[in-house]
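entry31.cif follows (mmCIF, C-alpha atoms):
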data_input
#
loop_
_atom_site.label_atom_id
_atom_site.label_comp_id
_atom_site.auth_asym_id
_atom_site.auth_seq_id
_atom_site.Cartn_x
_atom_site.Cartn_y
_atom_site.Cartn_z
CA MET A 1 0.00 0.00 0.00
CA ALA A 2 1.45 3.34 -1.00
CA ASP A 3 1.77 6.17 1.48
CA LEU A 4 -1.81 7.43 2.01
CA VAL A 5 -0.92 11.11 2.21
CA THR A 6 1.55 11.39 -0.64
CA ASN A 7 0.51 8.34 -2.69
CA LYS A 8 4.18 7.43 -2.94
CA ILE A 9 5.63 3.91 -2.92
CA LEU A 10 7.01 2.86 0.49
CA ILE A 11 10.49 1.33 0.52
CA ALA A 12 12.28 -0.24 3.49
CA THR A 13 15.95 -1.28 3.49
CA THR A 14 18.26 -3.03 5.93
CA SER A 15 21.68 -4.63 6.17
CA LEU A 16 21.91 -8.02 7.90
CA ALA A 17 25.26 -9.84 7.71
CA GLY A 18 26.51 -7.37 5.13
CA CYS A 19 29.02 -4.54 4.99
CA PHE A 20 26.66 -1.70 3.93
CA GLY A 21 28.44 -1.73 0.58
CA CYS A 22 25.13 -2.38 -1.17
CA HIS A 23 23.59 0.63 0.54
CA MET A 24 26.59 2.74 -0.50
CA SER A 25 26.17 1.52 -4.06
CA PHE A 26 22.46 2.40 -3.93
CA LEU A 27 23.49 5.95 -2.96
CA ASP A 28 25.69 5.98 -6.07
CA ILE A 29 22.57 6.72 -8.13
CA ASP A 30 23.61 10.23 -7.03
CA GLU A 31 21.31 13.06 -8.13
CA ARG A 32 18.81 10.53 -9.45
CA PHE A 33 17.86 10.15 -5.79
CA PHE A 34 15.87 13.38 -6.16
CA THR A 35 13.90 11.86 -9.04
CA LEU A 36 13.41 8.69 -7.02
CA CYS A 37 12.08 10.62 -4.02
CA GLU A 38 9.37 12.15 -6.18
CA HIS A 39 7.94 8.63 -6.35
CA VAL A 40 9.01 6.85 -3.15
CA VAL A 41 9.17 7.38 0.60
CA PHE A 42 11.65 5.51 2.77
CA ASP A 43 10.19 3.58 5.68
CA ARG A 44 12.51 1.52 7.94
CA SER A 45 16.03 2.11 6.63
CA PRO A 46 19.48 3.30 7.74
CA PHE A 47 18.66 6.34 5.57
CA THR A 48 15.79 7.33 7.90
CA ASP A 49 16.89 5.64 11.13
CA ILE A 50 13.33 4.29 11.52
CA LYS A 51 13.80 1.13 13.61
CA HIS A 52 10.82 -0.99 12.57
CA CYS A 53 8.77 -1.54 9.42
CA GLY A 54 5.45 0.23 9.07
CA GLU A 55 2.34 -1.94 8.76
CA HIS A 56 2.33 -2.03 4.95
CA VAL A 57 5.50 -1.48 2.99
CA ASP A 58 5.66 -1.95 -0.76
CA VAL A 59 9.29 -2.90 -1.34
CA GLY A 60 11.92 -4.24 1.05
CA LEU A 61 15.58 -4.31 0.04
CA ILE A 62 17.65 -6.74 2.11
CA GLU A 63 21.42 -6.54 2.07
CA GLY A 64 23.45 -9.28 3.76
CA GLY A 65 22.86 -12.88 4.73
CA LEU A 66 21.91 -14.42 8.06
CA CYS A 67 24.70 -14.87 10.60
CA ASN A 68 22.80 -14.44 13.88
CA ALA A 69 19.36 -14.69 15.50
CA GLU A 70 18.71 -10.95 15.19
CA ASN A 71 19.25 -11.15 11.42
CA VAL A 72 16.57 -13.84 11.22
CA ALA A 73 14.11 -11.78 13.33
CA THR A 74 14.71 -8.68 11.17
CA LEU A 75 14.26 -10.67 7.97
CA ARG A 76 10.98 -12.13 9.25
CA GLU A 77 9.75 -8.65 10.22
CA PHE A 78 10.47 -7.49 6.66
CA ARG A 79 8.69 -10.49 5.16
CA ARG A 80 5.61 -9.84 7.33
CA HIS A 81 5.31 -6.17 6.35
CA VAL A 82 6.70 -6.01 2.84
CA LYS A 83 4.91 -6.87 -0.38
CA ILE A 84 7.96 -7.30 -2.62
CA LEU A 85 11.05 -8.60 -0.85
CA VAL A 86 14.34 -8.22 -2.71
CA ALA A 87 17.64 -9.96 -1.93
CA VAL A 88 20.30 -7.37 -2.68
CA GLY A 89 23.91 -8.41 -3.25
CA ALA A 90 26.03 -11.55 -2.96
CA CYS A 91 25.63 -11.99 0.81
CA ALA A 92 21.81 -11.95 0.74
CA ILE A 93 21.79 -14.25 -2.29
CA ASN A 94 24.41 -16.87 -1.36
CA GLY A 95 25.84 -15.90 2.04
CA GLY A 96 28.78 -14.13 0.42
CA ILE A 97 32.11 -13.54 2.13
CA PRO A 98 30.70 -14.10 5.69
CA ALA A 99 29.67 -17.62 4.59
CA MET A 100 33.32 -18.48 4.03
CA ARG A 101 33.33 -19.34 7.76
CA ASN A 102 30.83 -22.13 7.11
CA HIS A 103 33.33 -24.95 6.83
CA ILE A 104 34.92 -23.96 10.15
CA PRO A 105 33.09 -24.99 13.36
CA LEU A 106 31.63 -21.92 15.15
CA LYS A 107 33.62 -22.66 18.31
CA GLU A 108 36.88 -22.56 16.34
CA CYS A 109 35.85 -19.26 14.69
CA LEU A 110 35.19 -17.64 18.08
CA GLU A 111 38.37 -19.02 19.61
CA GLU A 112 40.46 -17.79 16.70
CA SER A 113 38.89 -14.31 16.84
CA TYR A 114 38.73 -13.73 20.59
CA LEU A 115 41.24 -16.05 22.24
CA GLN A 116 44.09 -16.90 19.88
CA ALA A 117 44.45 -13.99 17.48
CA ILE A 118 47.57 -11.88 17.75
CA GLY A 119 47.34 -8.72 19.88
CA ILE A 120 44.33 -9.66 22.00
CA ASP A 121 44.15 -8.08 25.43
CA SER A 122 42.34 -10.14 28.15
CA PRO A 123 41.08 -12.87 25.84
CA GLN A 124 37.44 -13.89 26.34
CA ILE A 125 34.59 -14.95 24.09
CA PRO A 126 31.87 -12.23 24.28
CA ASN A 127 28.80 -13.56 26.07
CA ASP A 128 26.67 -10.52 26.89
CA PRO A 129 22.92 -11.33 26.82
CA GLU A 130 22.40 -8.31 24.55
CA LEU A 131 24.54 -9.85 21.84
CA PRO A 132 22.53 -11.83 19.30
CA LEU A 133 23.43 -15.51 19.19
CA LEU A 134 25.44 -16.57 16.16
CA LEU A 135 24.07 -19.18 13.79
CA ASP A 136 26.23 -22.24 13.25
CA ARG A 137 26.38 -21.36 9.54
CA VAL A 138 25.79 -18.18 7.58
CA ARG A 139 22.74 -18.60 5.34
CA PRO A 140 21.37 -16.79 2.30
CA ILE A 141 17.96 -15.26 2.95
CA HIS A 142 15.99 -17.41 0.47
CA GLU A 143 16.63 -20.38 2.76
CA VAL A 144 14.42 -18.76 5.44
CA VAL A 145 11.77 -16.63 3.70
CA LYS A 146 10.31 -16.38 0.21
CA VAL A 147 12.23 -13.85 -1.85
CA ASP A 148 10.51 -12.12 -4.76
CA TYR A 149 13.49 -10.74 -6.67
CA PHE A 150 17.27 -10.83 -6.64
CA LEU A 151 19.82 -8.13 -7.46
CA PRO A 152 23.24 -9.85 -7.73
CA GLY A 153 26.59 -8.14 -7.34
CA CYS A 154 29.19 -7.32 -4.72
CA PRO A 155 27.78 -4.77 -4.67
CA PRO A 156 25.12 -4.48 -7.37
CA SER A 157 25.99 -1.34 -9.33
CA ALA A 158 23.96 1.84 -8.96
CA GLU A 159 22.59 1.06 -12.45
CA VAL A 160 21.18 -2.23 -11.15
CA PHE A 161 19.26 -0.42 -8.39
CA TRP A 162 18.07 2.16 -10.88
CA THR A 163 16.96 -0.38 -13.50
CA PHE A 164 15.09 -2.38 -10.87
CA LEU A 165 13.33 0.58 -9.25
CA MET A 166 12.39 2.25 -12.54
CA ASP A 167 10.95 -1.04 -13.86
CA LEU A 168 9.00 -1.41 -10.63
CA LEU A 169 7.68 2.16 -10.68
CA ALA A 170 6.61 1.67 -14.30
CA ALA A 171 4.77 -1.52 -13.23
CA ARG A 172 7.02 -3.64 -15.48
CA GLN A 173 8.43 -7.03 -14.51
CA PRO A 174 12.02 -6.07 -13.52
CA GLN A 175 14.51 -7.31 -16.09
CA LEU A 176 18.24 -6.74 -15.66
CA PRO A 177 20.11 -6.57 -18.96
CA GLU A 178 22.86 -9.20 -19.20
CA ALA A 179 25.59 -6.56 -18.93
CA GLN A 180 24.26 -5.56 -15.50
CA ILE A 181 24.41 -9.11 -14.10
CA HIS A 182 27.61 -9.50 -12.10
CA TYR A 183 28.49 -11.59 -9.06
CA ASP A 184 31.55 -9.57 -8.04
CA MET B 1 20.94 -29.82 -43.54
CA LEU B 2 19.49 -29.57 -40.06
CA THR B 3 17.76 -26.75 -38.24
CA ILE B 4 18.46 -25.10 -34.87
CA ASP B 5 15.54 -23.02 -33.65
CA GLY B 6 14.20 -23.00 -37.18
CA VAL B 7 17.40 -21.77 -38.81
CA ALA B 8 18.84 -24.15 -41.39
CA LEU B 9 22.53 -24.98 -41.26
CA SER B 10 24.75 -27.42 -43.05
CA PHE B 11 27.20 -29.78 -41.43
CA GLU B 12 30.02 -32.12 -42.34
CA ALA B 13 29.88 -35.86 -41.83
CA GLY B 14 31.32 -36.83 -38.45
CA GLN B 15 30.54 -33.52 -36.77
CA THR B 16 28.67 -33.45 -33.50
CA LEU B 17 25.72 -31.10 -33.12
CA MET B 18 27.93 -28.85 -30.99
CA GLU B 19 30.60 -28.70 -33.70
CA ALA B 20 28.04 -27.99 -36.41
CA ALA B 21 26.42 -25.27 -34.29
CA THR B 22 29.77 -23.65 -33.42
CA ALA B 23 30.88 -23.67 -37.07
CA ALA B 24 27.60 -21.96 -37.97
CA GLY B 25 28.05 -19.33 -35.25
CA VAL B 26 25.34 -20.68 -32.96
CA TYR B 27 26.25 -20.69 -29.26
CA LEU B 28 25.10 -23.64 -27.19
CA PRO B 29 25.96 -23.21 -23.47
CA HIS B 30 28.60 -25.66 -22.26
CA LEU B 31 31.21 -26.17 -19.55
CA CYS B 32 32.70 -29.66 -19.91
CA HIS B 33 32.96 -29.41 -23.69
CA HIS B 34 36.17 -28.10 -25.24
CA PRO B 35 36.80 -28.24 -28.99
CA GLU B 36 40.24 -29.82 -28.55
CA PHE B 37 38.99 -32.75 -26.50
CA LYS B 38 36.84 -35.80 -27.00
CA PRO B 39 33.32 -34.97 -25.79
CA HIS B 40 32.56 -35.81 -22.17
CA GLY B 41 28.81 -35.17 -22.01
CA SER B 42 28.67 -34.66 -18.26
CA CYS B 43 27.66 -31.05 -17.52
CA LYS B 44 24.43 -31.31 -19.56
CA LEU B 45 24.32 -27.57 -20.15
CA CYS B 46 24.30 -28.13 -23.91
CA THR B 47 21.12 -30.16 -23.64
CA VAL B 48 18.88 -29.44 -26.63
CA LYS B 49 15.69 -30.99 -27.94
CA VAL B 50 16.28 -33.00 -31.10
CA ASN B 51 13.12 -34.11 -32.86
CA GLY B 52 11.32 -33.83 -29.52
CA ARG B 53 13.86 -35.64 -27.37
CA PHE B 54 16.47 -34.29 -24.98
CA ALA B 55 20.06 -34.84 -26.08
CA SER B 56 23.53 -33.51 -25.29
CA ALA B 57 24.68 -31.50 -28.30
CA CYS B 58 28.35 -32.19 -27.52
CA THR B 59 27.99 -35.97 -27.94
CA LEU B 60 25.18 -36.32 -30.47
CA PRO B 61 26.31 -36.69 -34.09
CA ALA B 62 24.74 -34.15 -36.42
CA ALA B 63 22.36 -35.86 -38.83
CA GLU B 64 20.27 -34.97 -41.83
CA GLY B 65 16.86 -33.53 -41.05
CA GLN B 66 17.36 -32.99 -37.31
CA GLU B 67 15.04 -30.34 -35.92
CA VAL B 68 16.90 -28.92 -32.94
CA LEU B 69 15.44 -26.58 -30.34
CA SER B 70 17.80 -24.67 -28.05
CA GLU B 71 16.60 -21.19 -27.10
CA THR B 72 13.24 -22.23 -25.69
CA LEU B 73 11.87 -21.19 -22.30
CA GLU B 74 11.92 -24.82 -21.15
CA LEU B 75 15.58 -25.39 -22.05
CA ARG B 76 16.66 -22.03 -20.73
CA GLN B 77 15.03 -22.78 -17.37
CA LEU B 78 16.60 -26.25 -17.25
CA ARG B 79 20.03 -24.77 -17.98
CA VAL B 80 19.58 -22.18 -15.22
CA ARG B 81 18.68 -24.94 -12.75
CA ILE B 82 21.71 -27.04 -13.77
CA THR B 83 23.97 -24.02 -13.31
CA GLN B 84 22.39 -23.20 -9.94
CA MET B 85 23.08 -26.79 -8.82
CA LEU B 86 26.73 -26.39 -9.79
CA PHE B 87 26.89 -23.20 -7.71
CA VAL B 88 25.23 -24.60 -4.56
CA GLU B 89 27.10 -27.90 -4.43
CA GLY B 90 30.49 -26.18 -4.32
CA ASN B 91 31.79 -23.05 -2.63
CA HIS B 92 31.68 -20.37 -5.31
CA PHE B 93 32.34 -17.02 -3.64
CA CYS B 94 32.84 -14.88 -6.73
CA PRO B 95 33.80 -11.64 -4.92
CA SER B 96 36.88 -13.31 -3.43
CA CYS B 97 37.79 -15.62 -6.31
CA GLU B 98 40.94 -15.04 -8.36
CA GLN B 99 39.14 -16.33 -11.46
CA SER B 100 36.18 -13.95 -11.23
CA GLY B 101 35.72 -12.20 -14.56
CA ASP B 102 37.60 -14.95 -16.39
CA CYS B 103 35.42 -17.82 -15.14
CA LYS B 104 33.34 -19.84 -17.59
CA LEU B 105 30.89 -20.97 -14.90
CA GLN B 106 30.25 -17.37 -13.86
CA ALA B 107 30.06 -16.09 -17.45
CA THR B 108 27.71 -18.91 -18.43
CA ALA B 109 25.46 -18.00 -15.50
CA TYR B 110 25.44 -14.37 -16.68
CA ALA B 111 24.47 -15.48 -20.18
CA LEU B 112 21.62 -17.55 -18.75
CA GLY B 113 20.40 -14.56 -16.74
CA MET B 114 20.89 -16.41 -13.44
CA LEU B 115 20.13 -14.03 -10.55
CA ASP B 116 19.97 -16.39 -7.56
CA SER B 117 20.97 -19.86 -6.41
CA HIS B 118 17.38 -21.15 -5.92
CA PHE B 119 18.49 -24.22 -3.95
CA PRO B 120 19.83 -24.38 -0.38
CA HIS B 121 23.62 -24.12 -0.37
CA PHE B 122 25.59 -27.21 0.64
CA PHE B 123 28.65 -25.24 1.85
CA PRO B 124 30.72 -28.43 1.66
CA ALA B 125 34.04 -28.76 3.47
CA ARG B 126 36.55 -29.17 0.67
CA ARG B 127 40.31 -29.21 0.56
CA VAL B 128 42.74 -26.57 -0.64
CA ASP B 129 46.05 -28.05 -1.79
CA ALA B 130 48.74 -25.36 -1.71
CA SER B 131 51.60 -27.87 -1.50
CA HIS B 132 52.97 -27.21 -4.98
CA PRO B 133 55.33 -24.22 -5.30
CA ASP B 134 53.71 -22.94 -8.51
CA ILE B 135 50.18 -24.38 -8.68
CA LEU B 136 47.22 -24.01 -6.32
CA LEU B 137 44.41 -26.54 -6.22
CA ASP B 138 41.18 -25.24 -4.64
CA LEU B 139 38.57 -27.98 -4.69
CA ASP B 140 35.89 -25.57 -3.40
CA ARG B 141 35.47 -24.48 -7.00
CA CYS B 142 35.83 -27.78 -8.86
CA ILE B 143 32.79 -28.62 -11.02
CA LEU B 144 34.08 -32.07 -12.05
CA CYS B 145 34.17 -31.26 -15.78
CA GLU B 146 37.27 -33.46 -16.06
CA LEU B 147 38.98 -31.10 -18.49
CA CYS B 148 42.17 -31.26 -16.36
CA VAL B 149 41.85 -35.06 -16.23
CA ARG B 150 41.60 -35.21 -20.02
CA ALA B 151 44.30 -32.61 -20.64
CA SER B 152 46.79 -34.27 -18.32
CA ARG B 153 46.12 -37.72 -19.75
CA ASP B 154 45.66 -36.94 -23.44
CA MET B 155 47.92 -33.93 -23.99
CA ASP B 156 50.52 -33.92 -21.22
CA GLY B 157 50.75 -37.73 -21.14
CA LYS B 158 50.88 -37.69 -17.35
CA SER B 159 47.47 -38.55 -15.87
CA VAL B 160 48.09 -36.32 -12.87
CA PHE B 161 44.35 -35.87 -12.21
CA GLY B 162 41.50 -38.31 -11.74
CA ILE B 163 38.03 -38.47 -10.21
CA ALA B 164 37.52 -40.64 -7.14
CA GLY B 165 34.33 -41.48 -5.25
CA ARG B 166 30.82 -41.78 -6.64
CA GLY B 167 27.76 -39.55 -6.73
CA MET B 168 27.89 -36.84 -4.10
CA GLU B 169 31.27 -38.19 -2.98
CA SER B 170 32.91 -37.60 -6.39
CA HIS B 171 35.99 -35.47 -6.09
CA LEU B 172 39.18 -34.60 -7.89
CA VAL B 173 42.29 -36.49 -6.80
CA VAL B 174 45.92 -36.30 -7.88
CA ASP B 175 48.32 -39.09 -8.77
CA ALA B 176 50.48 -39.19 -5.64
CA GLU B 177 50.47 -41.52 -2.67
CA SER B 178 50.50 -38.52 -0.33
CA GLY B 179 47.52 -37.01 -2.16
CA ALA B 180 49.47 -33.76 -2.49
CA LEU B 181 49.99 -32.00 -5.80
CA VAL B 182 53.64 -31.34 -4.99
CA ASP B 183 54.34 -35.09 -5.13
CA THR B 184 52.99 -35.45 -8.69
CA VAL B 185 54.89 -34.88 -11.93
CA ILE B 186 52.77 -31.83 -12.84
CA GLU B 187 54.58 -28.79 -14.20
CA VAL B 188 53.31 -25.25 -14.52
CA SER B 189 53.67 -25.43 -18.32
CA ASP B 190 51.26 -28.39 -18.54
CA ARG B 191 48.07 -27.93 -20.51
CA ALA B 192 46.13 -29.34 -17.54
CA VAL B 193 47.13 -26.33 -15.46
CA LYS B 194 45.59 -23.85 -17.87
CA ILE B 195 42.45 -25.69 -18.93
CA CYS B 196 40.32 -25.23 -15.77
CA PRO B 197 37.11 -23.35 -16.67
CA VAL B 198 36.70 -22.18 -13.07
CA GLY B 199 39.21 -21.19 -10.38
CA ALA B 200 40.01 -24.69 -9.10
CA ILE B 201 43.51 -24.86 -10.64
CA LEU B 202 45.44 -21.62 -10.45
CA ILE B 203 49.01 -20.59 -11.16
CA LYS B 204 50.45 -19.02 -8.04
CA ARG B 205 51.56 -15.38 -8.03
CA THR B 206 49.32 -14.50 -10.98
CA ALA B 207 46.11 -13.74 -9.05
CA TYR B 208 44.29 -10.48 -9.72
CA GLU B 209 46.88 -9.46 -12.33
CA LYS B 210 44.13 -8.27 -14.64
CA PRO B 211 42.17 -5.38 -13.13
CA ILE B 212 38.38 -5.29 -13.28
CA GLY B 213 37.48 -3.98 -16.71
CA GLN B 214 40.21 -5.96 -18.49
CA ARG B 215 39.05 -9.46 -17.68
CA LEU B 216 37.86 -11.87 -20.38
CA TYR B 217 34.13 -11.50 -19.77
CA ASP B 218 34.01 -7.92 -18.46
CA HIS B 219 32.82 -6.45 -21.73
CA HIS B 220 32.08 -9.45 -23.94
CA PRO B 221 29.51 -12.11 -23.10
CA ILE B 222 30.65 -15.72 -23.16
CA GLN B 223 28.65 -16.36 -26.33
CA ALA B 224 30.94 -14.04 -28.28
CA VAL B 225 34.20 -15.06 -26.57
CA LEU B 226 33.64 -18.82 -26.91
CA LEU B 227 32.34 -18.72 -30.47
CA GLN B 228 35.45 -16.84 -31.55
CA ALA B 229 37.76 -19.19 -29.65
CA ASP B 230 35.97 -22.40 -30.61
CA GLN B 231 35.93 -21.40 -34.27
CA GLY B 232 39.72 -21.23 -34.09
CA GLY B 233 40.21 -17.58 -33.28
CA GLY B 234 42.51 -18.13 -30.32
CA SER B 235 42.27 -19.70 -26.89
CA CYS B 236 40.08 -18.49 -24.07
CA ASP B 237 41.74 -20.80 -21.56
CA GLN B 238 43.69 -19.31 -18.67
#
Could you quickly redo this structure as structure tokens?
Amino acid sequence: MADLVTNKILIATTSLAGCFGCHMSFLDIDERFFTLCEHVVFDRSPFTDIKHCGEHVDVGLIEGGLCNAENVATLREFRRHVKILVAVGACAINGGIPAMRNHIPLKECLEESYLQAIGIDSPQIPNDPELPLLLDRVRPIHEVVKVDYFLPGCPPSAEVFWTFLMDLLAARQPQLPEAQIHYD
Amino acid sequence: MLTIDGVALSFEAGQTLMEAATAAGVYLPHLCHHPEFKPHGSCKLCTVKVNGRFASACTLPAAEGQEVLSETLELRQLRVRITQMLFVEGNHFCPSCEQSGDCKLQATAYALGMLDSHFPHFFPARRVDASHPDILLDLDRCILCELCVRASRDMDGKSVFGIAGRGMESHLVVDAESGALVDTVIEVSDRAVKICPVGAILIKRTAYEKPIGQRLYDHHPIQAVLLQADQGGGSCDQ
């Protein structure tokens, strides 16, 4: 449902186990952002600092895969509130670089990072109740919720975001040209 | 004469469908096929419909009157699924791979318009063999096309590589009691070292030499690169 006051499309974005590179690349549409904002309003997003999705959001852009319990909760919140859920970038689509830990047992990962690594002062594995629990393996988001569209790339170029959003605003089935499909 | 997607083309006796298509400038997606080697018929990406039946174009002899379908929605979707299976059963992290931009698996996926992996990822635990001073073997990326097996056996006369295990357990092995590449007779000048379509066999100290923008498939889709190479216009191997 579009924003009732402005009749603009509502977009939410978030980064799960990602590096915010996809968000930075989105911002690379540069001055076209002004054109975009004539048609869309940002709901939950690092751009707005809104912490939770509104009741009805049209498009949700998810950067990053799932590495902890909070990622899963956030993804499920998006799926509940968003009509069109989009996996943005390599990490959301296949786990990406964070998933390279998947063949190493979680205990060994934590020990290497917090106990054995060079230069660690008072080694201890963080265990604060506020810290989200890590998953044993990093997962792409389509393994947990239904995903409606995918924008590959590490990151997807600004052109990919633009092509996708313009197709969507024109009520066309999004179609990336072959030259815009990249996995790196 | 035969037809591919309704277009008539001639062929020479003894040619496979793949060879006839390539000579006529028609691209059929493939990974295990290489024009210099006997067909292997294992990756199934070149699957076409010939007179209503599925067949591998790389192994099927071209014959008079064949009506071949290739660029249909059904075949395109099947090829995407096959490619997605290759991605999920290995560990293909393109952003960190030395072969990205020069990789036939990646470029084929681009050509097929593959946007996602569809299936759950296996994230298998596979071995990296860095024992050899000049050659790196990263089994995370191996797609079992057996091009290195064929090149080492048929061109280098060494049989350094082989496939062991069956089904899901199939994996590339090397001809050394220790299982380490350093204990084989492989040399960096071997054809087997340069034939890998993905980043499973790499020459050390050459990674990332080509910047983004100058890699094989940065500006030219695999259809164009492979047709030129397979028609004799130079090699697109590593």
Query - Interatomic distance, CA of Val59 (chain A) to CA of Arg44 (chain A) (Å, one decimal) - result: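 Those two atoms sit 10.8 Å apart.
The closest residue to Gly179 (chain B), picked from B:Leu17, B:Ile222, B:Leu137, B:Cys103 and counting all atoms listed in the file, is B:Leu137.
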Report task. Do me a favour and pick out the residues of chain A within 10 Å of chain B, using all atoms listed in the file, as a PyMOL selection string. Result -> chain A and resi 87+89-104+137-144+147+149-155+175-184
Query raised in the report: Using the chain letters and numbers from the file, which residues does the PyMOL selection byres ((chain B and resi 24) around 10) grab, as number ranges by chain?
Result: B: 8-11, 18-23, 25-27, 227, 231
Report task. Determine the residue set returned by the PyMOL selection byres ((chain B and resi 172) around 9) for the present structure, and present it as a list in words. Result ->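 When the PyMOL selection byres ((chain B and resi 172) around 9) is applied to the shown file, the picked residues are Leu139, Cys142, Leu144, Glu146, Val149, Phe161, Gly162, Ile163, Ala164, Gly165, Ser170, His171, Val173 and Val174 of chain B.
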